[in-house]
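Peer 1: My structure is in coords_30.cif, and what it holds is mmCIF, C-alpha atoms:
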```cif
data_input
#
loop_
_atom_site.group_PDB
_atom_site.id
_atom_site.type_symbol
_atom_site.label_atom_id
_atom_site.label_comp_id
_atom_site.auth_asym_id
_atom_site.auth_seq_id
_atom_site.Cartn_x
_atom_site.Cartn_y
_atom_site.Cartn_z
ATOM 1 C CA MET A 1 -25.101 -26.726 -11.989
ATOM 2 C CA VAL A 2 -26.704 -29.836 -10.521
ATOM 3 C CA GLU A 3 -29.804 -30.982 -12.360
ATOM 4 C CA ALA A 4 -32.821 -31.264 -10.101
ATOM 5 C CA SER A 5 -36.350 -32.441 -10.664
ATOM 6 C CA HIS A 6 -39.006 -32.930 -8.018
ATOM 7 C CA VAL A 7 -41.631 -35.643 -8.087
ATOM 8 C CA LEU A 8 -43.698 -34.572 -5.114
ATOM 9 C CA SER A 9 -45.253 -37.026 -2.723
ATOM 10 C CA GLY A 10 -48.815 -36.496 -1.566
ATOM 11 C CA GLN A 11 -47.622 -35.232 1.811
ATOM 12 C CA HIS A 12 -45.638 -32.467 0.114
ATOM 13 C CA ALA A 13 -48.274 -31.452 -2.424
ATOM 14 C CA GLY A 14 -49.898 -29.021 -0.019
ATOM 15 C CA ARG A 15 -46.585 -27.464 1.156
ATOM 16 C CA LEU A 16 -45.226 -25.891 -1.975
ATOM 17 C CA ASP A 17 -43.216 -23.223 -0.200
ATOM 18 C CA HIS A 18 -41.245 -25.908 1.584
ATOM 19 C CA VAL A 19 -40.739 -27.915 -1.588
ATOM 20 C CA TRP A 20 -39.446 -24.998 -3.674
ATOM 21 C CA ALA A 21 -37.383 -23.427 -0.916
ATOM 22 C CA ASP A 22 -34.305 -25.591 -1.387
ATOM 23 C CA GLY A 23 -32.366 -26.883 -4.341
ATOM 24 C CA PRO A 24 -31.280 -25.348 -7.657
ATOM 25 C CA ARG A 25 -33.661 -24.006 -10.286
ATOM 26 C CA PHE A 26 -33.321 -24.986 -13.905
ATOM 27 C CA THR A 27 -31.812 -22.306 -16.144
ATOM 28 C CA PRO A 28 -31.667 -21.943 -19.941
ATOM 29 C CA ARG A 29 -28.432 -23.958 -19.851
ATOM 30 C CA THR A 30 -29.763 -26.885 -17.860
ATOM 31 C CA PRO A 31 -29.760 -29.952 -20.153
ATOM 32 C CA ARG A 32 -33.431 -30.718 -19.500
ATOM 33 C CA VAL A 33 -34.425 -27.177 -20.467
ATOM 34 C CA VAL A 34 -32.158 -27.282 -23.517
ATOM 35 C CA ALA A 35 -33.771 -30.554 -24.634
ATOM 36 C CA ALA A 36 -37.295 -29.226 -24.101
ATOM 37 C CA ARG A 37 -36.492 -25.970 -25.883
ATOM 38 C CA ARG A 38 -35.593 -27.916 -29.016
ATOM 39 C CA LEU A 39 -39.270 -28.848 -29.292
ATOM 40 C CA HIS A 40 -39.905 -25.397 -30.733
ATOM 41 C CA ARG A 41 -38.535 -26.932 -33.948
ATOM 42 C CA ARG A 42 -40.744 -29.221 -35.992
ATOM 43 C CA ARG A 43 -37.978 -31.688 -36.804
ATOM 44 C CA ASP A 44 -37.321 -32.240 -33.096
ATOM 45 C CA ARG A 45 -41.017 -32.658 -32.373
ATOM 46 C CA GLU A 46 -41.217 -35.252 -35.120
ATOM 47 C CA ALA A 47 -38.094 -37.057 -33.912
ATOM 48 C CA THR A 48 -39.183 -37.261 -30.264
ATOM 49 C CA GLY A 49 -42.956 -37.524 -30.586
ATOM 50 C CA ARG A 50 -43.271 -34.691 -28.061
ATOM 51 C CA PHE A 51 -44.349 -31.045 -28.026
ATOM 52 C CA LEU A 52 -44.741 -28.123 -25.630
ATOM 53 C CA ALA A 53 -48.027 -26.927 -24.139
ATOM 54 C CA GLU A 54 -47.763 -23.453 -22.653
ATOM 55 C CA GLY A 55 -49.998 -21.834 -20.034
ATOM 56 C CA PRO A 56 -52.159 -23.197 -17.197
ATOM 57 C CA GLN A 57 -55.244 -23.967 -19.314
ATOM 58 C CA ALA A 58 -53.358 -26.095 -21.848
ATOM 59 C CA VAL A 59 -51.337 -27.812 -19.115
ATOM 60 C CA ARG A 60 -54.477 -28.526 -17.087
ATOM 61 C CA GLU A 61 -56.151 -30.243 -20.038
ATOM 62 C CA ALA A 62 -52.969 -32.140 -20.948
ATOM 63 C CA LEU A 63 -52.821 -33.571 -17.448
ATOM 64 C CA THR A 64 -56.285 -35.095 -17.877
ATOM 65 C CA VAL A 65 -54.900 -37.423 -20.563
ATOM 66 C CA ALA A 66 -53.260 -40.578 -19.219
ATOM 67 C CA GLY A 67 -49.577 -40.476 -20.120
ATOM 68 C CA GLY A 68 -50.091 -37.142 -21.820
ATOM 69 C CA VAL A 69 -47.427 -35.186 -19.922
ATOM 70 C CA HIS A 70 -43.751 -36.104 -19.515
ATOM 71 C CA GLU A 71 -42.605 -33.145 -17.423
ATOM 72 C CA LEU A 72 -43.997 -29.949 -15.926
ATOM 73 C CA PHE A 73 -41.803 -26.842 -15.773
ATOM 74 C CA GLY A 74 -42.762 -23.750 -13.825
ATOM 75 C CA THR A 75 -41.443 -20.748 -11.954
ATOM 76 C CA ASP A 76 -41.792 -20.776 -8.174
ATOM 77 C CA ASP A 77 -44.539 -18.165 -8.290
ATOM 78 C CA ALA A 78 -46.530 -19.947 -11.000
ATOM 79 C CA LEU A 79 -46.284 -23.334 -9.280
ATOM 80 C CA ARG A 80 -47.593 -21.791 -6.070
ATOM 81 C CA ARG A 81 -50.472 -20.071 -7.906
ATOM 82 C CA HIS A 82 -51.387 -23.204 -9.847
ATOM 83 C CA ASP A 83 -51.044 -25.780 -7.118
ATOM 84 C CA ASP A 84 -53.861 -27.778 -8.735
ATOM 85 C CA LEU A 85 -51.516 -28.471 -11.643
ATOM 86 C CA VAL A 86 -48.789 -29.594 -9.267
ATOM 87 C CA ALA A 87 -51.229 -31.888 -7.474
ATOM 88 C CA ALA A 88 -52.410 -33.369 -10.774
ATOM 89 C CA ALA A 89 -48.813 -33.879 -11.921
ATOM 90 C CA VAL A 90 -47.938 -35.543 -8.625
ATOM 91 C CA ALA A 91 -50.921 -37.871 -8.898
ATOM 92 C CA ALA A 92 -49.823 -38.843 -12.416
ATOM 93 C CA GLY A 93 -46.173 -39.346 -11.438
ATOM 94 C CA VAL A 94 -45.054 -36.472 -13.661
ATOM 95 C CA PRO A 95 -41.775 -34.763 -12.702
ATOM 96 C CA VAL A 96 -42.274 -31.158 -11.557
ATOM 97 C CA SER A 97 -39.226 -29.045 -12.361
ATOM 98 C CA PRO A 98 -38.838 -25.486 -10.995
ATOM 99 C CA VAL A 99 -37.154 -23.047 -13.373
ATOM 100 C CA THR A 100 -35.791 -19.545 -13.160
ATOM 101 C CA ASP A 101 -37.582 -16.762 -15.015
ATOM 102 C CA ASP A 102 -34.927 -17.003 -17.733
ATOM 103 C CA GLY A 103 -35.383 -20.756 -17.872
ATOM 104 C CA LEU A 104 -39.117 -20.331 -18.330
ATOM 105 C CA ALA A 105 -38.589 -17.696 -21.028
ATOM 106 C CA ALA A 106 -36.417 -20.151 -22.960
ATOM 107 C CA LEU A 107 -39.333 -22.595 -23.092
ATOM 108 C CA THR A 108 -42.013 -20.154 -24.204
ATOM 109 C CA GLU A 109 -42.793 -18.215 -27.361
ATOM 110 C CA THR A 110 -45.106 -15.553 -25.918
ATOM 111 C CA VAL A 111 -44.242 -12.024 -24.825
ATOM 112 C CA ALA A 112 -45.922 -12.453 -21.429
ATOM 113 C CA PRO A 113 -45.620 -16.155 -20.492
ATOM 114 C CA GLN A 114 -47.936 -17.500 -17.783
ATOM 115 C CA GLY A 115 -45.274 -19.373 -15.868
ATOM 116 C CA VAL A 116 -45.909 -23.054 -16.678
ATOM 117 C CA VAL A 117 -44.962 -25.274 -19.620
ATOM 118 C CA ALA A 118 -45.506 -28.996 -20.071
ATOM 119 C CA VAL A 119 -43.625 -31.427 -22.271
ATOM 120 C CA CYS A 120 -46.430 -33.502 -23.782
ATOM 121 C CA ALA A 121 -46.752 -36.668 -25.831
ATOM 122 C CA GLN A 122 -48.068 -36.215 -29.359
ATOM 123 C CA ARG A 123 -51.551 -37.683 -29.473
ATOM 124 C CA HIS A 124 -52.718 -38.051 -33.081
ATOM 125 C CA VAL A 125 -54.366 -41.307 -34.116
ATOM 126 C CA PRO A 126 -54.933 -43.015 -37.483
ATOM 127 C CA LEU A 127 -58.072 -41.941 -39.315
ATOM 128 C CA ALA A 128 -59.421 -45.479 -39.049
ATOM 129 C CA THR A 129 -59.178 -45.309 -35.268
ATOM 130 C CA ALA A 130 -61.074 -42.018 -35.144
ATOM 131 C CA LEU A 131 -63.773 -43.285 -37.496
ATOM 132 C CA ALA A 132 -64.195 -46.497 -35.492
ATOM 133 C CA ARG A 133 -65.611 -44.279 -32.719
ATOM 134 C CA ALA A 134 -68.433 -43.256 -35.092
ATOM 135 C CA PRO A 135 -68.092 -39.465 -34.848
ATOM 136 C CA ARG A 136 -71.150 -37.538 -35.997
ATOM 137 C CA LEU A 137 -69.221 -34.382 -36.832
ATOM 138 C CA VAL A 138 -65.697 -34.112 -38.247
ATOM 139 C CA ALA A 139 -63.662 -31.092 -39.375
ATOM 140 C CA VAL A 140 -61.010 -31.563 -42.067
ATOM 141 C CA LEU A 141 -58.334 -28.876 -42.376
ATOM 142 C CA ALA A 142 -57.071 -29.388 -45.921
ATOM 143 C CA GLU A 143 -53.668 -27.790 -46.494
ATOM 144 C CA ILE A 144 -54.355 -25.011 -43.988
ATOM 145 C CA ARG A 145 -51.039 -23.327 -43.278
ATOM 146 C CA ASP A 146 -51.785 -20.653 -40.656
ATOM 147 C CA PRO A 147 -51.285 -22.133 -37.158
ATOM 148 C CA GLY A 148 -53.498 -19.585 -35.434
ATOM 149 C CA ASN A 149 -56.413 -20.255 -37.756
ATOM 150 C CA ALA A 150 -55.908 -24.019 -37.566
ATOM 151 C CA GLY A 151 -55.881 -23.960 -33.774
ATOM 152 C CA THR A 152 -58.967 -21.758 -33.668
ATOM 153 C CA VAL A 153 -60.876 -24.090 -35.978
ATOM 154 C CA LEU A 154 -59.884 -27.060 -33.817
ATOM 155 C CA ARG A 155 -61.116 -25.216 -30.708
ATOM 156 C CA THR A 156 -64.387 -24.352 -32.460
ATOM 157 C CA ALA A 157 -64.846 -27.950 -33.601
ATOM 158 C CA ASP A 158 -64.441 -29.079 -30.001
ATOM 159 C CA ALA A 159 -66.987 -26.521 -28.796
ATOM 160 C CA ALA A 160 -69.451 -27.626 -31.489
ATOM 161 C CA GLY A 161 -69.169 -31.236 -30.358
ATOM 162 C CA ALA A 162 -67.043 -32.656 -33.167
ATOM 163 C CA GLY A 163 -65.461 -36.020 -32.537
ATOM 164 C CA ALA A 164 -62.358 -35.545 -34.680
ATOM 165 C CA VAL A 165 -60.284 -32.973 -36.518
ATOM 166 C CA VAL A 166 -58.161 -34.074 -39.479
ATOM 167 C CA PHE A 167 -55.065 -32.159 -40.626
ATOM 168 C CA ALA A 168 -54.935 -33.270 -44.246
ATOM 169 C CA GLY A 169 -52.428 -32.808 -47.040
ATOM 170 C CA ASP A 170 -49.638 -30.283 -46.571
ATOM 171 C CA ALA A 171 -51.239 -28.740 -43.494
ATOM 172 C CA VAL A 172 -49.561 -26.912 -40.632
ATOM 173 C CA ASP A 173 -48.099 -29.026 -37.837
ATOM 174 C CA PRO A 174 -50.847 -29.226 -35.185
ATOM 175 C CA TYR A 175 -48.104 -29.246 -32.512
ATOM 176 C CA ASN A 176 -46.753 -25.886 -33.634
ATOM 177 C CA GLY A 177 -46.663 -23.658 -30.553
ATOM 178 C CA LYS A 178 -49.028 -21.021 -31.941
ATOM 179 C CA CYS A 179 -51.476 -23.700 -33.040
ATOM 180 C CA VAL A 180 -51.399 -25.395 -29.622
ATOM 181 C CA ARG A 181 -52.013 -22.077 -27.858
ATOM 182 C CA ALA A 182 -54.914 -21.226 -30.177
ATOM 183 C CA THR A 183 -56.668 -24.484 -29.268
ATOM 184 C CA ALA A 184 -56.838 -23.349 -25.605
ATOM 185 C CA GLY A 185 -56.649 -26.955 -24.440
ATOM 186 C CA SER A 186 -59.122 -28.387 -26.969
ATOM 187 C CA LEU A 187 -56.244 -30.274 -28.577
ATOM 188 C CA PHE A 188 -56.603 -32.762 -25.701
ATOM 189 C CA HIS A 189 -60.380 -33.218 -25.988
ATOM 190 C CA LEU A 190 -60.977 -34.914 -29.339
ATOM 191 C CA ASP A 191 -59.355 -37.231 -31.829
ATOM 192 C CA LEU A 192 -56.586 -35.568 -33.815
ATOM 193 C CA VAL A 193 -55.652 -37.112 -37.168
ATOM 194 C CA ARG A 194 -52.809 -36.314 -39.551
ATOM 195 C CA ASP A 195 -53.081 -37.669 -43.088
ATOM 196 C CA GLY A 196 -51.092 -36.628 -46.137
ATOM 197 C CA ASP A 197 -53.749 -37.590 -48.702
ATOM 198 C CA PRO A 198 -56.914 -35.464 -48.475
ATOM 199 C CA PHE A 199 -58.621 -37.457 -51.238
ATOM 200 C CA ALA A 200 -58.117 -40.678 -49.287
ATOM 201 C CA VAL A 201 -59.532 -38.877 -46.252
ATOM 202 C CA VAL A 202 -62.694 -37.960 -48.172
ATOM 203 C CA ALA A 203 -63.097 -41.529 -49.409
ATOM 204 C CA ALA A 204 -62.663 -42.937 -45.890
ATOM 205 C CA LEU A 205 -65.144 -40.464 -44.412
ATOM 206 C CA ARG A 206 -67.750 -41.342 -47.000
ATOM 207 C CA ALA A 207 -67.141 -45.075 -46.533
ATOM 208 C CA ALA A 208 -67.753 -44.575 -42.808
ATOM 209 C CA GLY A 209 -71.191 -43.139 -43.553
ATOM 210 C CA LEU A 210 -70.476 -39.439 -43.239
ATOM 211 C CA THR A 211 -71.769 -36.888 -45.725
ATOM 212 C CA VAL A 212 -68.882 -34.699 -46.867
ATOM 213 C CA PHE A 213 -69.521 -30.984 -47.378
ATOM 214 C CA ALA A 214 -66.915 -28.668 -48.843
ATOM 215 C CA ALA A 215 -67.054 -25.132 -47.452
ATOM 216 C CA THR A 216 -66.379 -22.722 -50.308
ATOM 217 C CA GLY A 217 -67.457 -19.226 -51.189
ATOM 218 C CA TYR A 218 -68.344 -20.466 -54.676
ATOM 219 C CA GLY A 219 -70.526 -23.357 -53.555
ATOM 220 C CA ASP A 220 -73.702 -24.166 -55.447
ATOM 221 C CA THR A 221 -75.557 -24.988 -52.205
ATOM 222 C CA ASP A 222 -76.489 -22.360 -49.643
ATOM 223 C CA LEU A 223 -75.924 -23.242 -45.979
ATOM 224 C CA ASP A 224 -79.363 -21.905 -45.079
ATOM 225 C CA GLU A 225 -80.915 -24.158 -47.714
ATOM 226 C CA LEU A 226 -79.368 -27.180 -46.034
ATOM 227 C CA ALA A 227 -80.759 -26.118 -42.668
ATOM 228 C CA ASP A 228 -84.204 -25.485 -44.190
ATOM 229 C CA ALA A 229 -84.185 -28.928 -45.813
ATOM 230 C CA ASP A 230 -84.122 -30.533 -42.375
ATOM 231 C CA LEU A 231 -86.935 -28.309 -41.137
ATOM 232 C CA ALA A 232 -89.051 -29.368 -44.107
ATOM 233 C CA ALA A 233 -88.280 -33.070 -43.672
ATOM 234 C CA THR A 234 -90.971 -35.420 -42.411
ATOM 235 C CA PRO A 235 -90.662 -35.821 -38.625
ATOM 236 C CA GLY A 236 -88.826 -39.040 -37.945
ATOM 237 C CA GLY A 237 -87.871 -39.374 -41.595
ATOM 238 C CA THR A 238 -84.450 -39.447 -43.190
ATOM 239 C CA PRO A 239 -82.633 -36.109 -42.735
ATOM 240 C CA ARG A 240 -81.967 -34.302 -45.995
ATOM 241 C CA GLY A 241 -79.667 -31.504 -44.870
ATOM 242 C CA LEU A 242 -77.284 -31.126 -41.962
ATOM 243 C CA ALA A 243 -78.958 -33.472 -39.473
ATOM 244 C CA ARG A 244 -76.857 -36.465 -40.463
ATOM 245 C CA PRO A 245 -73.276 -37.490 -39.666
ATOM 246 C CA THR A 246 -71.216 -34.871 -41.442
ATOM 247 C CA ALA A 247 -67.630 -33.993 -42.279
ATOM 248 C CA TRP A 248 -66.729 -30.440 -43.308
ATOM 249 C CA LEU A 249 -63.774 -29.688 -45.584
ATOM 250 C CA PHE A 250 -62.066 -26.342 -44.968
ATOM 251 C CA GLY A 251 -59.328 -25.044 -47.242
ATOM 252 C CA SER A 252 -56.376 -22.708 -46.893
ATOM 253 C CA GLU A 253 -56.817 -19.042 -46.055
ATOM 254 C CA ALA A 254 -55.301 -17.746 -49.283
ATOM 255 C CA HIS A 255 -56.609 -20.189 -51.877
ATOM 256 C CA GLY A 256 -59.474 -22.109 -50.317
ATOM 257 C CA LEU A 257 -60.018 -25.730 -51.246
ATOM 258 C CA PRO A 258 -58.354 -27.114 -54.378
ATOM 259 C CA PRO A 259 -61.106 -27.444 -57.024
ATOM 260 C CA GLU A 260 -60.487 -31.174 -57.381
ATOM 261 C CA LEU A 261 -60.913 -31.727 -53.637
ATOM 262 C CA ALA A 262 -64.058 -29.611 -53.470
ATOM 263 C CA ALA A 263 -65.433 -31.628 -56.381
ATOM 264 C CA ALA A 264 -64.836 -34.845 -54.436
ATOM 265 C CA ALA A 265 -67.272 -33.751 -51.696
ATOM 266 C CA ASP A 266 -70.968 -34.616 -51.721
ATOM 267 C CA ALA A 267 -71.838 -30.930 -51.963
ATOM 268 C CA ARG A 268 -70.098 -27.577 -52.131
ATOM 269 C CA VAL A 269 -71.615 -25.221 -49.591
ATOM 270 C CA ARG A 270 -71.369 -21.454 -49.292
ATOM 271 C CA VAL A 271 -72.119 -19.384 -46.216
ATOM 272 C CA PRO A 272 -74.669 -16.707 -47.191
ATOM 273 C CA LEU A 273 -73.449 -13.110 -46.948
ATOM 274 C CA HIS A 274 -76.318 -10.769 -46.145
ATOM 275 C CA GLY A 275 -74.260 -7.617 -45.820
ATOM 276 C CA ARG A 276 -71.587 -5.998 -47.941
ATOM 277 C CA ALA A 277 -68.591 -8.018 -46.714
ATOM 278 C CA GLU A 278 -66.760 -9.775 -49.511
ATOM 279 C CA SER A 279 -66.187 -12.929 -47.496
ATOM 280 C CA LEU A 280 -65.634 -14.472 -44.071
ATOM 281 C CA ASN A 281 -62.237 -15.511 -42.834
ATOM 282 C CA LEU A 282 -61.538 -19.188 -42.362
ATOM 283 C CA ALA A 283 -62.168 -19.370 -38.634
ATOM 284 C CA ALA A 284 -65.464 -17.475 -38.851
ATOM 285 C CA ALA A 285 -66.755 -19.545 -41.771
ATOM 286 C CA ALA A 286 -65.799 -22.766 -40.008
ATOM 287 C CA ALA A 287 -67.634 -21.660 -36.869
ATOM 288 C CA VAL A 288 -70.816 -20.925 -38.826
ATOM 289 C CA CYS A 289 -70.713 -24.289 -40.626
ATOM 290 C CA LEU A 290 -69.840 -26.401 -37.599
ATOM 291 C CA TYR A 291 -72.474 -24.816 -35.387
ATOM 292 C CA ALA A 292 -75.114 -25.167 -38.086
ATOM 293 C CA SER A 293 -74.344 -28.887 -38.148
ATOM 294 C CA ALA A 294 -74.242 -29.100 -34.351
ATOM 295 C CA ARG A 295 -77.703 -27.530 -34.060
ATOM 296 C CA ALA A 296 -79.163 -29.788 -36.726
ATOM 297 C CA LEU A 297 -77.673 -32.915 -35.151
ATOM 298 C CA ARG A 298 -78.966 -31.951 -31.705
ATOM 299 C CA SER A 299 -82.427 -31.380 -33.136
ATOM 300 C CA ARG A 300 -82.589 -35.095 -33.962
ATOM 301 C CA GLU A 301 -81.731 -36.206 -30.439
ATOM 302 C CA PRO A 302 -84.542 -37.372 -28.140
ATOM 303 C CA ARG A 303 -85.769 -34.633 -25.838
ATOM 304 C CA ARG A 304 -84.877 -35.163 -22.208
#
```
Would you mind writing the file out in structure tokens?

Peer 2:
Amino acid sequence: MVEASHVLSGQHAGRLDHVWADGPRFTPRTPRVVAARRLHRRRDREATGRFLAEGPQAVREALTVAGGVHELFGTDDALRRHDDLVAAAVAAGVPVSPVTDDGLAALTETVAPQGVVAVCAQRHVPLATALARAPRLVAVLAEIRDPGNAGTVLRTADAAGAGAVVFAGDAVDPYNGKCVRATAGSLFHLDLVRDGDPFAVVAALRAAGLTVFAATGYGDTDLDELADADLAATPGGTPRGLARPTAWLFGSEAHGLPPELAAAADARVRVPLHGRAESLNLAAAAAVCLYASARALRSREPRR
């Protein structure tokens, strides 16, 4: 088997049938596929500084980041259907490598893969770098272990306008395949931070001028009370609730935030439950908190 990879020129970008017609396709045994497949394992992701992004949406967003993609794999059919991805890869000088269906299956973890996978560069930054950009809203995932929930919270934080998401303590690897898929491309939109010391994270956030709220079902402050405090504030005065730069701490699905970490926050906030449900799951509670902050922050912006 002769290894082949195509970096398409601009003149070929619009003639995909011609480009894919000749030459071998990568299989599960092709060295490049074997090397990429190893990125399903955390130790190989850590060793190489790379990870896999699966599906056209994730690949499309990855290609918007300069130097974000090292190689694009795809079946003939998928590369024809997503010729915008091929064109973007070509423009960025990213190798485009056609694979057989079996080769594609070796690179994916889903039952019904969508035909394209990108080898991407890990993109986390130090907390100090993220804070230097003066984010007004930050989500901290403290020791959250479930990759689907973590990815969903990251996606929600992006939608709410957060500037950074911090994976703190013994949290799931944000480059875990399930986590990456759950972000639906949002992984490439905001600052991602990994920090092993959640208490140091809280101290740094506070030093940067952010108010730190701990989301907990046993909080002594009601989320609605925080929102009402801003409504009652003097127009133009200092915000007293959510309308100030804020960081939210979210804890693990099973145990929530460690009591000591919740105590380190400026306030412990509960989401009010008006029905008979015992609680909200992590992703739902995070969405409520982040959007409450987003609305309050936007209310302080000058009207256009």

Peer 1: Please provide the set of residues having any atom within 7 Å of region 45-60 of chain A, restricted to only C-alpha atoms, with same-chain residues fewer than 4 positions apart removed, written as a PyMOL selection string.

Peer 2: chain A and resi 39+41+64+85+108+114-122+175+177+180-181+184-185

Peer 1: Taking (-56.1, -33.9, -22.2) in the file's coordinates as the center, which residues reach within 7 Å of it, counting all atoms listed in the file, put as a ChimeraX atom specification?

Peer 2: /A:61-65,68,188-189

Peer 1: Set the distance at 10 Å and use all atoms listed in the file: which residues neighbour Thr156 (chain A) once local chain neighbours fewer than 5 positions away are removed? I'd like the list as a list of chain:residue names.

Peer 2: A:Ala139, A:Ala150, A:Gly151, A:Gly161, A:Ala162, A:Thr183, A:Ser186, A:Ala283, A:Ala284, A:Ala286, A:Ala287, A:Val288, A:Leu290, A:Tyr291

Peer 1: Could you state the separation of CA of Val202 (chain A) and CA of Leu249 (chain A) in Å, given to one decimal place?

Peer 2: 8.7 Å

Peer 1: Report as a list of chain:residue names the residues that result from applying the PyMOL selection byres ((chain A and resi 190) around 7) to the structure here.

Peer 2: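 Checked against the file, the PyMOL selection byres ((chain A and resi 190) around 7) matches A:Asp158, A:Gly163, A:Ala164, A:Leu187, A:Phe188, A:His189, A:Asp191, A:Leu192.
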
Peer 1: Using all atoms listed in the file, pick whichever of A:Ala106, A:Ala78, A:Pro198, A:Val193 has the shortest atom-to-atom distance to Val34 (chain A).

Peer 2: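 Once distances to Val34 (chain A) are computed over all atoms listed in the file, the minimum belongs to A:Ala106.
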